[in-house]
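Worksheet: one structure, shown below.
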Amino acid sequence: METGDRTRIAIYYAIWATICAAVAGLVVALIHTWFFSYNPGRSAVIETLFSGVVAAVGIAAAQGALALVTGSLLARLGRTLQYTLLLGLLIGLFDFVMYFLQMAVPATEFGWIPDLAIIVVATVAITAAGSRRVAATV
């Protein structure tokens with residue numbers, strides 16, 4: 001497998017990981033708006049939902065970029081990503097569980113910097129765990 005093929009896999013994986021993370025954030029934003037926030041009117045509901053979705057999509061885009069950088073670096077090191085469908089779903093599941101836990105149990109909310117550091121570590125670890133060394137062809 002050529003480096004270009006491994007890089008193409010990393011690109012598609014990064015797009016998929018972004019979609020999975022964004023969907024997880026969107027679902028949590030909907031749950032938060034409907035069940036966990038006080039909304040005195042329609043405009044407050046829209047503002048709460050919009051701000052949650054914007055934050056989730058921003059974090060998802062950053063996760064996708066991080067997955068792309070990690071996957072591309074692994075491709076240069078002669079590794080290829082496998083099970084990318086499951087890896088993207090795992091990133092989305094991690095995000096959903098983390099966001100939901102922080103929403104349901106506010107004591108688990110550490111602040112933006114530690115939360116983003118946790119997300120970075122999880123994204124890199126999940127991506128690296130899904131890589132395998134490419135067998136040399138003769």
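Chain lettering (A, B, ...) mirrors the order of the structure tokens, residue numbering begins at 1 for each chain separately, and ligand numbering begins at 1 in order of display.
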Which polymer residues have any atom within 8 Å of an atom of Ile91 in chain A, counting only C-alpha atoms, with same-chain residues fewer than 5 positions away left out, as a list of chain:residue names?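 Answer for this query is A:Ala17, A:Cys20, A:Ala21, A:Ala122, A:Thr123, A:Ile126.
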Given the choices A:Leu77, A:Leu116, A:Ala55, A:Ala125, which gets closest to Leu90 in chain A if the distance is worked out from only C-alpha atoms?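 Ranking A:Leu77, A:Leu116, A:Ala55, A:Ala125 by distance to Leu90 in chain A, first place goes to A:Ala125.
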In Å, how far is it from CA of Thr7 in chain A to CA of Ala62 in chain A?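 Computed distance, CA of Thr7 in chain A to CA of Ala62 in chain A, equals 18.3 Å.
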Running DSSP on the backbone, which parts of chain A land in strand (DSSP E or B), as a list in words?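 Here are the strand (DSSP E or B) residues of chain A: Arg79, Thr80, Leu81, Ser131, Arg132 and Arg133 of chain A.
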Point-to-point distance from CA of Ala117 in chain A to CA of Ala60 in chain A, Å rounded to tenths: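 Between CA of Ala117 in chain A and CA of Ala60 in chain A the gap is 13.7 Å.
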Tell me which of A:Ala44, A:Leu87, A:Leu30, A:Met98 sits closest to Val124 in chain A, counting only C-alpha atoms. A:Leu87
Name the residues in contact with Asp5 in chain A at a cut-off of 12 Å, using only C-alpha atoms, excluding same-chain residues fewer than 6 positions from it; report them as number ranges by chain. A: 11-12, 71-72, 75-76, 78-81, 134
Selected residues written out, N, CA and C atoms, as a CSV table (one decimal), in the first residue's frame:
chain,number,residue,atom,x,y,z
A,11,ILE,N,-7.7,10.8,5.4
A,11,ILE,CA,-8.6,11.9,5.1
A,11,ILE,C,-10.1,11.5,5.2
A,12,TYR,N,-10.4,10.4,4.7
A,12,TYR,CA,-11.8,9.9,4.8
A,12,TYR,C,-12.2,9.6,6.3
A,71,GLY,N,-3.6,10.7,11.7
A,71,GLY,CA,-3.6,9.6,10.6
A,71,GLY,C,-2.5,9.9,9.6
A,72,SER,N,-2.3,11.1,9.2
A,72,SER,CA,-1.3,11.4,8.2
A,72,SER,C,0.1,11.2,8.8
A,75,ALA,N,0.6,7.5,8.7
A,75,ALA,CA,0.8,7.1,7.3
A,75,ALA,C,2.3,7.3,6.9
A,76,ARG,N,2.8,8.4,7.3
A,76,ARG,CA,4.3,8.7,7.0
A,76,ARG,C,5.2,7.7,7.7
A,78,GLY,N,4.6,4.6,8.0
A,78,GLY,CA,4.4,3.3,7.5
A,78,GLY,C,3.2,2.5,8.1
A,79,ARG,N,2.3,3.2,8.7
A,79,ARG,CA,1.2,2.6,9.4
A,79,ARG,C,-0.1,3.0,8.6
A,80,THR,N,-1.1,2.1,8.6
A,80,THR,CA,-2.4,2.5,8.0
A,80,THR,C,-3.5,2.3,9.0
A,81,LEU,N,-4.5,3.1,8.8
A,81,LEU,CA,-5.7,3.0,9.7
A,81,LEU,C,-6.6,1.8,9.2
A,134,VAL,N,2.1,-1.6,7.9
A,134,VAL,CA,1.8,-2.2,6.6
A,134,VAL,C,2.9,-3.2,6.3
Contacts of Ala56 in chain A within 9 Å, only C-alpha atoms, excl. fewer than 6 positions in-chain, as a VMD selection string: chain A and resid 21 to 26 28 to 29
Could you save those same residues with C-alpha atoms as a compact mmCIF listing (two decimals), in the first residue's frame?
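That gives us result_35.txt:
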# COMPACT_ATOMS: atom_id res chain seq x y z
CA ALA A 21 -18.34 13.80 16.87
CA ALA A 22 -20.73 16.45 15.51
CA VAL A 23 -23.73 14.09 15.73
CA ALA A 24 -22.82 13.22 19.32
CA GLY A 25 -22.59 16.91 20.20
CA LEU A 26 -25.87 17.66 18.45
CA VAL A 28 -26.34 16.16 23.67
CA ALA A 29 -27.27 19.75 22.76
Show which residues sit within 10 Å of range 104-113 of chain A, as a count of residues only. Count only C-alpha atoms, and ignore same-chain residues fewer than 6 positions away. 4
